[in-house]
>>> print(open('structure-v6.cif').read())   # mmCIF, C-alpha atoms
data_protein
loop_
_atom_site.label_atom_id
_atom_site.label_comp_id
_atom_site.auth_asym_id
_atom_site.auth_seq_id
_atom_site.Cartn_x
_atom_site.Cartn_y
_atom_site.Cartn_z
CA MET B 1 4.68 160.05 -26.81
CA ALA B 2 5.37 162.31 -29.81
CA TRP B 3 3.80 161.32 -33.09
CA TRP B 4 7.20 161.16 -34.89
CA SER B 5 8.80 158.71 -32.51
CA ARG B 6 9.39 155.17 -33.66
CA THR B 7 9.43 151.97 -31.68
CA PRO B 8 12.72 150.14 -32.32
CA GLY B 9 12.34 146.95 -34.30
CA VAL B 10 8.80 147.58 -35.56
CA GLY B 11 8.39 146.33 -39.13
CA ALA B 12 11.65 144.42 -39.12
CA ASP B 13 12.32 140.76 -38.55
CA PRO B 14 14.57 140.53 -35.46
CA GLN B 15 15.94 137.20 -36.72
CA GLU B 16 17.06 138.66 -40.06
CA PRO B 17 20.76 139.59 -40.07
CA LYS B 18 21.64 143.23 -40.69
CA LYS B 19 22.74 143.87 -44.26
CA SER B 20 25.69 146.05 -45.18
CA VAL B 21 27.28 147.14 -48.44
CA PRO B 22 30.40 145.03 -49.16
CA LYS B 23 33.68 146.90 -49.16
CA GLY B 24 35.01 147.79 -52.58
CA VAL B 25 31.65 147.99 -54.35
CA TRP B 26 31.31 151.79 -54.25
CA ASN B 27 33.79 154.64 -54.31
CA LYS B 28 33.50 158.36 -53.65
CA CYS B 29 35.04 160.93 -55.96
CA GLU B 30 37.60 163.08 -54.17
CA ARG B 31 36.70 166.16 -56.21
CA CYS B 32 32.92 166.20 -56.78
CA ALA B 33 31.91 163.70 -54.02
CA ALA B 34 29.90 161.65 -56.52
CA THR B 35 29.19 158.04 -55.55
CA LEU B 36 30.73 155.77 -58.17
CA TYR B 37 30.20 152.09 -58.85
CA GLU B 38 33.61 150.42 -58.89
CA VAL B 39 32.82 148.34 -61.99
CA ASP B 40 31.85 151.46 -63.93
CA LEU B 41 34.92 153.28 -62.61
CA ASP B 42 37.21 150.51 -63.86
CA ALA B 43 35.45 150.49 -67.23
CA ASN B 44 36.11 154.24 -67.49
CA LEU B 45 39.85 153.79 -66.79
CA ARG B 46 39.49 154.95 -63.17
CA VAL B 47 38.23 158.38 -64.27
CA CYS B 48 35.16 159.98 -62.69
CA ALA B 49 32.37 160.26 -65.26
CA SER B 50 30.94 163.33 -63.50
CA CYS B 51 33.97 165.63 -63.17
CA ASN B 52 36.80 163.83 -65.04
CA HIS B 53 38.85 163.37 -61.87
CA HIS B 54 41.64 160.84 -62.43
CA PHE B 55 41.88 158.24 -59.69
CA ARG B 56 45.16 156.42 -59.14
CA MET B 57 45.40 153.41 -61.47
CA GLY B 58 46.97 150.07 -60.57
CA THR B 59 50.27 149.19 -62.22
CA GLN B 60 49.03 146.06 -64.00
CA GLN B 61 45.97 147.91 -65.27
CA ARG B 62 48.20 150.65 -66.66
CA ILE B 63 50.48 148.12 -68.35
CA ASP B 64 47.43 146.61 -70.03
CA LEU B 65 46.28 150.08 -71.08
CA ILE B 66 49.55 151.22 -72.64
CA CYS B 67 51.15 148.09 -74.11
CA ASP B 68 49.79 146.28 -77.15
CA ASP B 69 47.99 143.02 -76.36
CA GLY B 70 50.39 140.16 -75.75
CA SER B 71 53.53 142.26 -76.25
CA TRP B 72 54.58 142.81 -72.61
CA GLN B 73 57.65 140.79 -71.59
CA GLU B 74 58.81 141.66 -68.08
CA HIS B 75 62.48 141.68 -67.09
CA ASP B 76 64.42 141.55 -63.81
CA LEU B 77 61.44 140.34 -61.80
CA GLY B 78 63.64 138.44 -59.36
CA LEU B 79 65.69 141.40 -58.12
CA GLU B 80 65.30 141.99 -54.38
CA SER B 81 66.60 144.66 -52.02
CA ALA B 82 69.12 143.75 -49.34
CA ASP B 83 69.16 145.32 -45.87
CA PRO B 84 72.77 146.54 -45.48
CA LEU B 85 71.82 149.08 -42.79
CA GLY B 86 69.82 146.66 -40.64
CA PHE B 87 67.04 149.25 -40.68
CA ARG B 88 64.18 148.87 -38.19
CA VAL B 89 60.95 150.81 -37.66
CA ASP B 90 59.20 150.22 -34.32
CA GLY B 91 61.22 147.04 -33.96
CA ARG B 92 60.20 145.72 -37.38
CA LYS B 93 62.96 144.79 -39.82
CA TYR B 94 63.09 146.40 -43.25
CA ALA B 95 63.47 142.93 -44.79
CA ASP B 96 60.20 141.89 -43.16
CA GLN B 97 58.51 145.00 -44.57
CA LEU B 98 59.63 144.02 -48.07
CA LYS B 99 58.29 140.49 -47.67
CA ALA B 100 54.95 141.79 -46.41
CA GLN B 101 54.65 144.17 -49.36
CA ALA B 102 55.53 141.40 -51.82
CA ARG B 103 52.79 139.17 -50.35
CA LYS B 104 50.27 142.02 -50.58
CA VAL B 105 51.18 143.53 -53.96
CA GLY B 106 53.30 140.90 -55.69
CA PRO B 107 57.01 140.53 -56.51
CA GLY B 108 59.04 143.06 -58.41
CA ASP B 109 59.56 145.79 -55.79
CA ALA B 110 58.33 149.30 -56.66
CA TYR B 111 59.21 149.19 -60.36
CA ARG B 112 58.26 146.93 -63.26
CA ALA B 113 60.27 147.04 -66.47
CA GLY B 114 59.88 145.12 -69.69
CA SER B 115 59.96 145.06 -73.47
CA ALA B 116 56.74 145.78 -75.35
CA THR B 117 55.22 147.46 -78.37
CA VAL B 118 53.07 150.58 -78.22
CA GLY B 119 51.04 151.06 -81.38
CA GLY B 120 53.39 148.61 -83.09
CA ILE B 121 56.50 150.56 -82.08
CA ALA B 122 59.06 148.57 -80.07
CA VAL B 123 59.89 150.20 -76.73
CA GLU B 124 61.52 149.50 -73.38
CA ALA B 125 58.87 150.52 -70.83
CA GLY B 126 59.00 150.92 -67.07
CA PHE B 127 56.25 151.55 -64.54
CA PHE B 128 56.62 152.74 -60.94
CA ALA B 129 54.35 150.67 -58.67
CA PHE B 130 53.00 153.20 -56.16
CA GLU B 131 51.18 150.45 -54.30
CA PHE B 132 54.58 149.01 -53.27
CA MET B 133 55.85 151.28 -50.46
CA GLY B 134 54.67 154.43 -52.20
CA GLY B 135 56.71 153.73 -55.34
CA SER B 136 59.83 154.70 -53.38
CA MET B 137 63.13 154.43 -55.26
CA GLY B 138 65.60 152.10 -53.61
CA SER B 139 68.55 150.17 -55.00
CA VAL B 140 66.34 147.67 -56.87
CA VAL B 141 64.33 150.42 -58.57
CA GLY B 142 67.51 152.24 -59.60
CA GLU B 143 69.03 149.03 -60.96
CA LYS B 144 65.89 148.18 -62.94
CA ILE B 145 65.73 151.63 -64.53
CA THR B 146 69.43 151.44 -65.42
CA ARG B 147 69.03 148.01 -67.01
CA GLN B 148 65.96 149.24 -68.91
CA PHE B 149 67.97 152.11 -70.40
CA GLU B 150 70.83 149.77 -71.27
CA ARG B 151 68.43 147.48 -73.16
CA ALA B 152 66.96 150.49 -74.99
CA LEU B 153 70.48 151.61 -75.91
CA ALA B 154 71.49 148.15 -77.15
CA ALA B 155 68.34 147.75 -79.27
CA ARG B 156 68.15 151.47 -80.14
CA VAL B 157 64.47 151.67 -79.28
CA PRO B 158 62.70 154.41 -77.27
CA ALA B 159 62.59 154.17 -73.49
CA ILE B 160 59.44 155.16 -71.58
CA VAL B 161 59.11 155.60 -67.81
CA PHE B 162 55.76 156.10 -66.05
CA CYS B 163 56.61 157.89 -62.81
CA ALA B 164 54.50 157.69 -59.64
CA SER B 165 56.61 157.89 -56.51
CA GLY B 166 56.96 159.46 -53.10
CA GLY B 167 60.72 159.80 -53.60
CA ALA B 168 63.79 158.02 -52.27
CA ARG B 169 63.38 155.04 -49.93
CA MET B 170 64.62 156.18 -46.54
CA GLN B 171 65.09 152.61 -45.26
CA GLU B 172 68.15 152.30 -47.54
CA GLY B 173 69.69 155.61 -46.50
CA VAL B 174 72.33 157.07 -48.80
CA LEU B 175 72.08 154.03 -51.08
CA SER B 176 68.65 155.24 -52.19
CA LEU B 177 69.98 158.75 -52.90
CA MET B 178 72.74 157.26 -55.06
CA GLN B 179 70.05 155.94 -57.42
CA MET B 180 69.32 159.51 -58.51
CA ALA B 181 72.84 159.85 -59.93
CA LYS B 182 72.90 156.28 -61.22
CA THR B 183 69.69 156.56 -63.25
CA SER B 184 70.57 160.05 -64.48
CA ALA B 185 73.94 158.77 -65.75
CA ALA B 186 72.22 155.90 -67.58
CA ARG B 187 69.80 158.38 -69.11
CA SER B 188 72.72 160.56 -70.30
CA ARG B 189 74.09 157.62 -72.30
CA LEU B 190 70.77 157.48 -74.15
CA ARG B 191 71.07 161.18 -74.94
CA GLU B 192 74.61 160.80 -76.26
CA ALA B 193 73.46 157.95 -78.52
CA ARG B 194 70.35 159.90 -79.67
CA VAL B 195 68.01 157.24 -78.30
CA PRO B 196 64.63 158.81 -77.34
CA TYR B 197 63.40 158.85 -73.76
CA VAL B 198 59.82 159.80 -72.89
CA SER B 199 58.81 160.49 -69.29
CA VAL B 200 55.16 160.26 -68.24
CA LEU B 201 54.37 161.88 -64.88
CA LEU B 202 51.51 160.45 -62.84
CA HIS B 203 50.01 161.40 -59.49
CA PRO B 204 52.11 161.82 -57.42
CA THR B 205 55.66 162.32 -58.74
CA THR B 206 57.72 163.79 -55.92
CA GLY B 207 61.01 163.65 -54.04
CA GLY B 208 64.17 162.17 -55.51
CA VAL B 209 62.34 160.72 -58.51
CA ALA B 210 61.02 164.15 -59.52
CA ALA B 211 64.50 165.61 -58.91
CA SER B 212 66.16 163.13 -61.25
CA ILE B 213 64.86 160.72 -63.83
CA ALA B 214 61.29 162.04 -64.06
CA MET B 215 62.28 165.46 -65.40
CA LEU B 216 64.97 164.32 -67.86
CA GLY B 217 62.76 163.17 -70.74
CA ASP B 218 63.13 164.38 -74.32
CA VAL B 219 59.37 164.78 -74.03
CA ILE B 220 57.66 165.07 -70.65
CA MET B 221 53.98 164.14 -70.51
CA ALA B 222 51.62 164.21 -67.53
CA GLU B 223 48.12 163.20 -66.54
CA PRO B 224 45.67 165.93 -65.47
CA GLU B 225 46.03 167.37 -61.94
CA ALA B 226 49.02 165.18 -61.08
CA LEU B 227 51.08 166.40 -58.11
CA ILE B 228 54.62 166.98 -59.38
CA GLY B 229 57.45 168.46 -57.35
CA PHE B 230 60.36 167.77 -55.03
CA ALA B 231 58.62 168.63 -51.75
CA GLY B 232 54.90 168.77 -51.04
CA PRO B 233 53.11 172.15 -51.10
CA ARG B 234 52.40 171.98 -47.38
CA VAL B 235 56.10 171.66 -46.61
CA ILE B 236 56.95 174.54 -48.94
CA GLU B 237 54.35 176.80 -47.32
CA GLN B 238 55.72 176.01 -43.87
CA THR B 239 59.27 176.70 -45.07
CA ILE B 240 58.77 180.00 -46.93
CA ARG B 241 55.77 181.07 -44.82
CA GLN B 242 53.84 182.22 -47.87
CA GLN B 243 50.59 181.17 -49.51
CA LEU B 244 51.22 179.26 -52.73
CA PRO B 245 49.28 180.14 -55.91
CA PRO B 246 46.22 178.01 -56.82
CA GLY B 247 47.11 174.77 -58.57
CA PHE B 248 50.78 175.03 -57.61
CA GLN B 249 52.77 171.86 -58.46
CA ARG B 250 49.91 170.42 -60.48
CA SER B 251 50.56 169.27 -64.04
CA GLU B 252 48.57 172.15 -65.59
CA PHE B 253 50.64 174.69 -63.61
CA LEU B 254 53.86 173.07 -64.77
CA LEU B 255 52.64 173.04 -68.39
CA GLU B 256 51.93 176.77 -68.18
CA HIS B 257 55.43 177.41 -66.80
CA GLY B 258 57.28 175.23 -69.30
CA MET B 259 58.23 172.28 -67.10
CA VAL B 260 55.87 169.83 -68.84
CA ASP B 261 55.28 169.48 -72.58
CA LEU B 262 51.88 167.77 -72.68
CA VAL B 263 49.00 167.20 -70.28
CA THR B 264 46.91 164.34 -71.63
CA ALA B 265 43.75 162.70 -70.32
CA ARG B 266 44.12 159.01 -69.56
CA ALA B 267 41.81 157.91 -72.37
CA GLN B 268 44.05 159.71 -74.88
CA LEU B 269 47.36 158.81 -73.27
CA LYS B 270 48.24 155.87 -75.52
CA PRO B 271 47.29 157.59 -78.82
CA GLN B 272 49.23 160.68 -77.77
CA LEU B 273 52.20 158.55 -76.74
CA ILE B 274 52.17 156.81 -80.13
CA ARG B 275 52.17 160.21 -81.84
CA VAL B 276 55.18 161.29 -79.75
CA LEU B 277 57.05 158.06 -80.52
CA ARG B 278 56.47 158.60 -84.23
CA TRP B 279 58.29 161.94 -83.97
CA PHE B 280 61.44 159.97 -83.20
CA THR B 281 60.97 156.97 -85.51
CA ASP B 282 61.00 156.53 -89.27
CA ALA B 283 57.62 157.81 -90.47
CA GLY B 284 57.90 155.70 -93.60
CA ALA B 285 58.39 152.41 -91.78
CA ALA B 286 55.58 149.91 -91.98
CA PRO B 287 53.67 149.70 -88.68
CA GLY B 288 54.14 146.54 -86.68
CA PRO B 289 51.50 144.24 -85.15
CA GLY B 290 48.97 146.08 -83.03
CA ALA B 291 49.63 149.45 -84.69
CA ILE B 292 46.73 151.88 -84.72
CA GLU B 293 46.15 154.95 -86.83
CA VAL B 294 46.69 158.20 -84.98
CA GLU B 295 45.76 161.59 -86.30
CA ASP B 296 48.86 163.79 -86.63
CA ARG B 297 48.08 167.26 -85.32
CA THR B 298 49.81 170.06 -83.49
CA VAL B 299 49.98 169.62 -79.72
CA PRO B 300 51.02 172.07 -76.97
CA GLY B 301 54.77 172.64 -77.11
CA ASN B 302 55.14 172.09 -80.89
CA GLY B 303 56.81 174.76 -82.95
CA ALA B 304 55.53 176.03 -86.25
CA ASN B 305 58.11 173.90 -88.07
CA GLY B 306 56.40 170.71 -86.95
CA HIS B 307 59.28 169.46 -84.79
CA GLY B 308 58.70 167.96 -81.35
CA PRO B 309 58.82 170.20 -78.27
CA HIS B 310 62.55 169.59 -77.72
CA ASP B 311 63.84 169.00 -81.26
CA ASP B 312 66.77 171.05 -82.48
CA VAL B 313 66.90 172.73 -85.88
CA ASP B 314 68.01 169.52 -87.56
CA GLY B 315 65.05 167.58 -86.22
CA GLU B 316 67.11 165.58 -83.75
CA PRO B 317 65.66 165.25 -80.24
CA GLU B 318 67.34 167.05 -77.39
CA SER B 319 66.85 166.42 -73.71
CA ILE B 320 65.77 168.74 -70.95
CA ASP B 321 68.41 169.64 -68.37
CA SER B 322 67.19 169.33 -64.81
CA GLY B 323 68.18 171.87 -62.19
CA ASP B 324 69.18 171.03 -58.65
CA SER B 325 66.06 170.14 -56.71
CA GLY B 326 67.51 169.09 -53.37
CA ASP B 327 69.24 166.08 -51.94
CA SER B 328 67.09 164.91 -49.06
CA PRO B 329 64.73 161.93 -49.35
CA ASP B 330 60.96 162.17 -49.15
CA SER B 331 58.66 159.94 -47.17
CA PRO B 332 57.65 157.12 -49.55
CA ASP B 333 54.15 156.71 -48.19
CA SER B 334 53.08 160.35 -47.85
CA PRO B 335 54.51 162.55 -50.63
CA ASP B 336 52.48 165.55 -49.52
CA ASP B 337 53.56 165.57 -45.87
CA GLU B 338 56.89 165.55 -44.14
#
>>> encode(input="structure-v6.cif", output="structure tokens")
Amino acid sequence: MAWWSRTPGVGADPQEPKKSVPKGVWNKCERCAATLYEVDLDANLRVCASCNHHFRMGTQQRIDLICDDGSWQEHDLGLESADPLGFRVDGRKYADQLKAQARKVGPGDAYRAGSATVGGIAVEAGFFAFEFMGGSMGSVVGEKITRQFERALAARVPAIVFCASGGARMQEGVLSLMQMAKTSAARSRLREARVPYVSVLLHPTTGGVAASIAMLGDVIMAEPEALIGFAGPRVIEQTIRQQLPPGFQRSEFLLEHGMVDLVTARAQLKPQLIRVLRWFTDAGAAPGPGAIEVEDRTVPGNGANGHGPHDDVDGEPESIDSGDSGDSPDSPDSPDDE
């Protein structure tokens, strides 16, 4: 017998049960392959301490990060999608899918909207819940966004939308595509009334959401390396049969080409958002509860006159016009594949 061979079971108690690492204790970074302790990862806002890779953050955790303590008041939590098409996948009803997702993730569908303060500034905020069917935009999501904009218009306070979606919800057919026009029309009423709208693009922002409400902000912010586009890069390569440039459809690429105004690390997202909101609000107003001091400095996209990236010569905010990006829905669960 070779000297390096080992007799099975030698040195171990056969009665002792085999130990394993519980699921959810450790995580592996997708970029640098570092092994990360989940508790430390949560403490660092779901950002890798080794390479600064931004993991996807849960919706409730993001609400707690952005909104001032105790200021979040959620609206329209009871809205639920109907099943007018009687849609089935592998014999499973769409209504049953919704119930299963609600039990797993919680009520509210794929969008949570509410009133809050950010740095003491009153806002109407909305958050796509990617964990609910890939953040897909169905009739409930479109209705919630529309109601959020109507509340912002009535109170004349800024509206903020944090976008993370695979696109339109195919289970609702053309009804989901109608939400693109519905939310865009509600956004246009904010523009006519000079009520600010800030769009924050997260990973991923694709499909009908990217082709409509996500790209219509007066200021468009994004987290680092977020996938942003109508169709995934793999689909585009297969369609045009060409190799795409490095970093195509990532937030840094879009910043370089003028589609995004700011790319901000997650730890600086709230201070940067407060600074943007102050561009649109009375600088002389006394800060409200929870306000924090933010250094006012030039950021990418600012002109030499100190206006915001889309201010006109009179200092009034203007919106970005979105081009046609397509009219077919994306898969809600896999934004990168078709």
>>> atom_distance(input="structure-v6.cif", atom1="CA of Leu175 in chain B", atom2="CA of Ser139 in chain B")
6.5 Å
>>> residues_around(input="structure-v6.cif", residues="Ser251 in chain B", least_positions_apart="4", cutoff="8 Å", atoms="only C-alpha atoms", output="VMD selection string")
chain B and resid 222 to 228 255 260 263
>>> atom_distance(input="structure-v6.cif", atom1="CA of Ala152 in chain B", atom2="CA of Pro107 in chain B")
23.2 Å
>>> closest_residue(input="structure-v6.cif", among="B:Asn52, B:Gly207, B:Tyr111, B:Arg46", to="Arg31 in chain B", atoms="only C-alpha atoms")
B:Asn52
>>> resolve_selection(input="structure-v6.cif", expression="the PyMOL selection byres ((chain B and resi 109) around 8)", output="PyMOL selection string")
chain B and resi 79-80+98+102+106-108+110-112+129+132+140-141
>>> closest_residue(input="structure-v6.cif", among="B:Ile240, B:Val276, B:Cys67, B:Val219", to="Gly258 in chain B", atoms="only C-alpha atoms")
B:Val219
>>> atom_distance(input="structure-v6.cif", atom1="CA of Val200 in chain B", atom2="CA of Gly70 in chain B")
22.0 Å
>>> resolve_selection(input="structure-v6.cif", expression="the PyMOL selection byres ((chain B and resi 114-128) around 8)", output="VMD selection string")
chain B and resid 59 63 66 to 68 71 to 75 110 to 113 129 to 130 135 145 148 to 149 151 to 152 157 to 165 270 to 271 274 277 287 to 292
>>> resolve_selection(input="structure-v6.cif", expression="the PyMOL selection byres ((chain B and resi 214) around 8)", output="JSON, numbers by chain")
{"B": [161, 163, 199, 200, 201, 205, 209, 210, 211, 212, 213, 215, 216, 217]}
>>> closest_residue(input="structure-v6.cif", among="B:Ile220, B:Glu150, B:Arg62, B:Thr281", to="Leu262 in chain B", atoms="all atoms listed in the file")
B:Ile220
>>> closest_residue(input="structure-v6.cif", among="B:Gly166, B:Gly232, B:Phe280, B:Gly134", to="Val195 in chain B", atoms="only C-alpha atoms")
B:Phe280
>>> residues_near_point(input="structure-v6.cif", point="(45.1, 153.0, -56.1)", cutoff="8 Å", atoms="all atoms listed in the file", output="tab-separated table (two decimals) with C-alpha atoms, in the frame of the given file")
chain	number	residue	atom	x	y	z
B	55	PHE	CA	41.88	158.24	-59.69
B	56	ARG	CA	45.16	156.42	-59.14
B	57	MET	CA	45.40	153.41	-61.47
B	58	GLY	CA	46.97	150.07	-60.57
B	130	PHE	CA	53.00	153.20	-56.16
B	131	GLU	CA	51.18	150.45	-54.30
>>> axis_aligned_box(input="structure-v6.cif", around="range 48-61 of chain B", padding_each_side="4 Å", output="lines of an AutoDock Vina configuration file")
center_x = 40.6
center_y = 155.8
center_z = -62.2
size_x = 27.3
size_y = 27.6
size_z = 14.1
>>> residues_near_point(input="structure-v6.cif", point="(62.9, 142.1, -45.0)", cutoff="12 Å", atoms="all atoms listed in the file", output="PyMOL selection string")
chain B and resi 80-89+92-103+109+171-172
>>> closest_residue(input="structure-v6.cif", among="B:Leu36, B:Leu273, B:Leu77, B:Ala231", to="Pro204 in chain B", atoms="all atoms listed in the file")
B:Ala231
>>> decode(input="structure-v6.cif", residues="range 184-262 of chain B", atoms="C-alpha atoms", output="PDB file, in the first residue's frame")
ATOM      1  CA  SER B 184     -44.893  58.116 -19.168  1.00  0.00           C
ATOM      2  CA  ALA B 185     -48.070  60.208 -19.432  1.00  0.00           C
ATOM      3  CA  ALA B 186     -48.182  60.618 -15.644  1.00  0.00           C
ATOM      4  CA  ARG B 187     -44.536  61.664 -15.695  1.00  0.00           C
ATOM      5  CA  SER B 188     -45.283  64.279 -18.401  1.00  0.00           C
ATOM      6  CA  ARG B 189     -47.798  65.945 -16.072  1.00  0.00           C
ATOM      7  CA  LEU B 190     -44.998  66.387 -13.535  1.00  0.00           C
ATOM      8  CA  ARG B 191     -42.849  68.010 -16.216  1.00  0.00           C
ATOM      9  CA  GLU B 192     -45.608  70.412 -17.229  1.00  0.00           C
ATOM     10  CA  ALA B 193     -46.072  71.427 -13.582  1.00  0.00           C
ATOM     11  CA  ARG B 194     -42.280  71.760 -13.026  1.00  0.00           C
ATOM     12  CA  VAL B 195     -42.304  69.084 -10.321  1.00  0.00           C
ATOM     13  CA  PRO B 196     -38.891  67.327 -10.156  1.00  0.00           C
ATOM     14  CA  TYR B 197     -38.509  63.650 -10.951  1.00  0.00           C
ATOM     15  CA  VAL B 198     -35.294  61.755 -10.174  1.00  0.00           C
ATOM     16  CA  SER B 199     -34.686  58.279 -11.593  1.00  0.00           C
ATOM     17  CA  VAL B 200     -32.171  55.950  -9.955  1.00  0.00           C
ATOM     18  CA  LEU B 201     -31.135  52.967 -12.087  1.00  0.00           C
ATOM     19  CA  LEU B 202     -30.125  49.770 -10.321  1.00  0.00           C
ATOM     20  CA  HIS B 203     -28.933  46.397 -11.580  1.00  0.00           C
ATOM     21  CA  PRO B 204     -30.657  45.378 -13.793  1.00  0.00           C
ATOM     22  CA  THR B 205     -32.893  47.976 -15.482  1.00  0.00           C
ATOM     23  CA  THR B 206     -34.066  46.490 -18.759  1.00  0.00           C
ATOM     24  CA  GLY B 207     -37.021  45.964 -21.081  1.00  0.00           C
ATOM     25  CA  GLY B 208     -40.129  48.122 -21.002  1.00  0.00           C
ATOM     26  CA  VAL B 209     -39.087  49.851 -17.780  1.00  0.00           C
ATOM     27  CA  ALA B 210     -35.814  51.031 -19.336  1.00  0.00           C
ATOM     28  CA  ALA B 211     -37.722  52.065 -22.474  1.00  0.00           C
ATOM     29  CA  SER B 212     -40.135  54.253 -20.524  1.00  0.00           C
ATOM     30  CA  ILE B 213     -40.162  55.591 -17.000  1.00  0.00           C
ATOM     31  CA  ALA B 214     -36.542  54.779 -16.089  1.00  0.00           C
ATOM     32  CA  MET B 215     -35.017  57.102 -18.689  1.00  0.00           C
ATOM     33  CA  LEU B 216     -37.386  60.064 -18.235  1.00  0.00           C
ATOM     34  CA  GLY B 217     -35.889  61.615 -15.108  1.00  0.00           C
ATOM     35  CA  ASP B 218     -34.847  65.251 -14.819  1.00  0.00           C
ATOM     36  CA  VAL B 219     -31.729  63.714 -13.304  1.00  0.00           C
ATOM     37  CA  ILE B 220     -30.784  60.089 -13.965  1.00  0.00           C
ATOM     38  CA  MET B 221     -28.525  58.416 -11.420  1.00  0.00           C
ATOM     39  CA  ALA B 222     -27.139  54.872 -11.425  1.00  0.00           C
ATOM     40  CA  GLU B 223     -25.203  52.490  -9.237  1.00  0.00           C
ATOM     41  CA  PRO B 224     -21.818  51.216 -10.485  1.00  0.00           C
ATOM     42  CA  GLU B 225     -21.803  48.464 -13.145  1.00  0.00           C
ATOM     43  CA  ALA B 226     -25.607  48.297 -13.344  1.00  0.00           C
ATOM     44  CA  LEU B 227     -26.957  46.621 -16.496  1.00  0.00           C
ATOM     45  CA  ILE B 228     -29.144  49.192 -18.258  1.00  0.00           C
ATOM     46  CA  GLY B 229     -30.785  48.705 -21.637  1.00  0.00           C
ATOM     47  CA  PHE B 230     -33.848  47.513 -23.514  1.00  0.00           C
ATOM     48  CA  ALA B 231     -32.518  44.095 -24.553  1.00  0.00           C
ATOM     49  CA  GLY B 232     -29.662  42.127 -23.018  1.00  0.00           C
ATOM     50  CA  PRO B 233     -26.210  42.266 -24.661  1.00  0.00           C
ATOM     51  CA  ARG B 234     -26.387  38.602 -25.617  1.00  0.00           C
ATOM     52  CA  VAL B 235     -29.585  39.181 -27.573  1.00  0.00           C
ATOM     53  CA  ILE B 236     -28.100  42.227 -29.299  1.00  0.00           C
ATOM     54  CA  GLU B 237     -24.979  40.303 -30.322  1.00  0.00           C
ATOM     55  CA  GLN B 238     -27.099  37.509 -31.776  1.00  0.00           C
ATOM     56  CA  THR B 239     -29.230  40.039 -33.655  1.00  0.00           C
ATOM     57  CA  ILE B 240     -26.530  42.257 -35.192  1.00  0.00           C
ATOM     58  CA  ARG B 241     -23.902  39.481 -35.292  1.00  0.00           C
ATOM     59  CA  GLN B 242     -21.197  41.792 -33.994  1.00  0.00           C
ATOM     60  CA  GLN B 243     -19.043  41.863 -30.880  1.00  0.00           C
ATOM     61  CA  LEU B 244     -20.148  44.598 -28.489  1.00  0.00           C
ATOM     62  CA  PRO B 245     -17.576  46.961 -26.925  1.00  0.00           C
ATOM     63  CA  PRO B 246     -16.348  46.211 -23.366  1.00  0.00           C
ATOM     64  CA  GLY B 247     -18.716  47.415 -20.669  1.00  0.00           C
ATOM     65  CA  PHE B 248     -21.563  47.934 -23.130  1.00  0.00           C
ATOM     66  CA  GLN B 249     -24.897  48.749 -21.400  1.00  0.00           C
ATOM     67  CA  ARG B 250     -23.211  49.215 -18.035  1.00  0.00           C
ATOM     68  CA  SER B 251     -23.827  52.429 -16.106  1.00  0.00           C
ATOM     69  CA  GLU B 252     -20.273  53.736 -16.678  1.00  0.00           C
ATOM     70  CA  PHE B 253     -20.662  53.241 -20.455  1.00  0.00           C
ATOM     71  CA  LEU B 254     -23.957  55.121 -20.421  1.00  0.00           C
ATOM     72  CA  LEU B 255     -22.426  57.941 -18.357  1.00  0.00           C
ATOM     73  CA  GLU B 256     -19.645  58.307 -20.923  1.00  0.00           C
ATOM     74  CA  HIS B 257     -22.198  58.468 -23.747  1.00  0.00           C
ATOM     75  CA  GLY B 258     -24.542  60.938 -22.059  1.00  0.00           C
ATOM     76  CA  MET B 259     -27.437  58.649 -21.154  1.00  0.00           C
ATOM     77  CA  VAL B 260     -26.812  58.828 -17.391  1.00  0.00           C
ATOM     78  CA  ASP B 261     -25.935  61.923 -15.359  1.00  0.00           C
ATOM     79  CA  LEU B 262     -24.323  60.409 -12.265  1.00  0.00           C
TER      80      LEU B 262
END
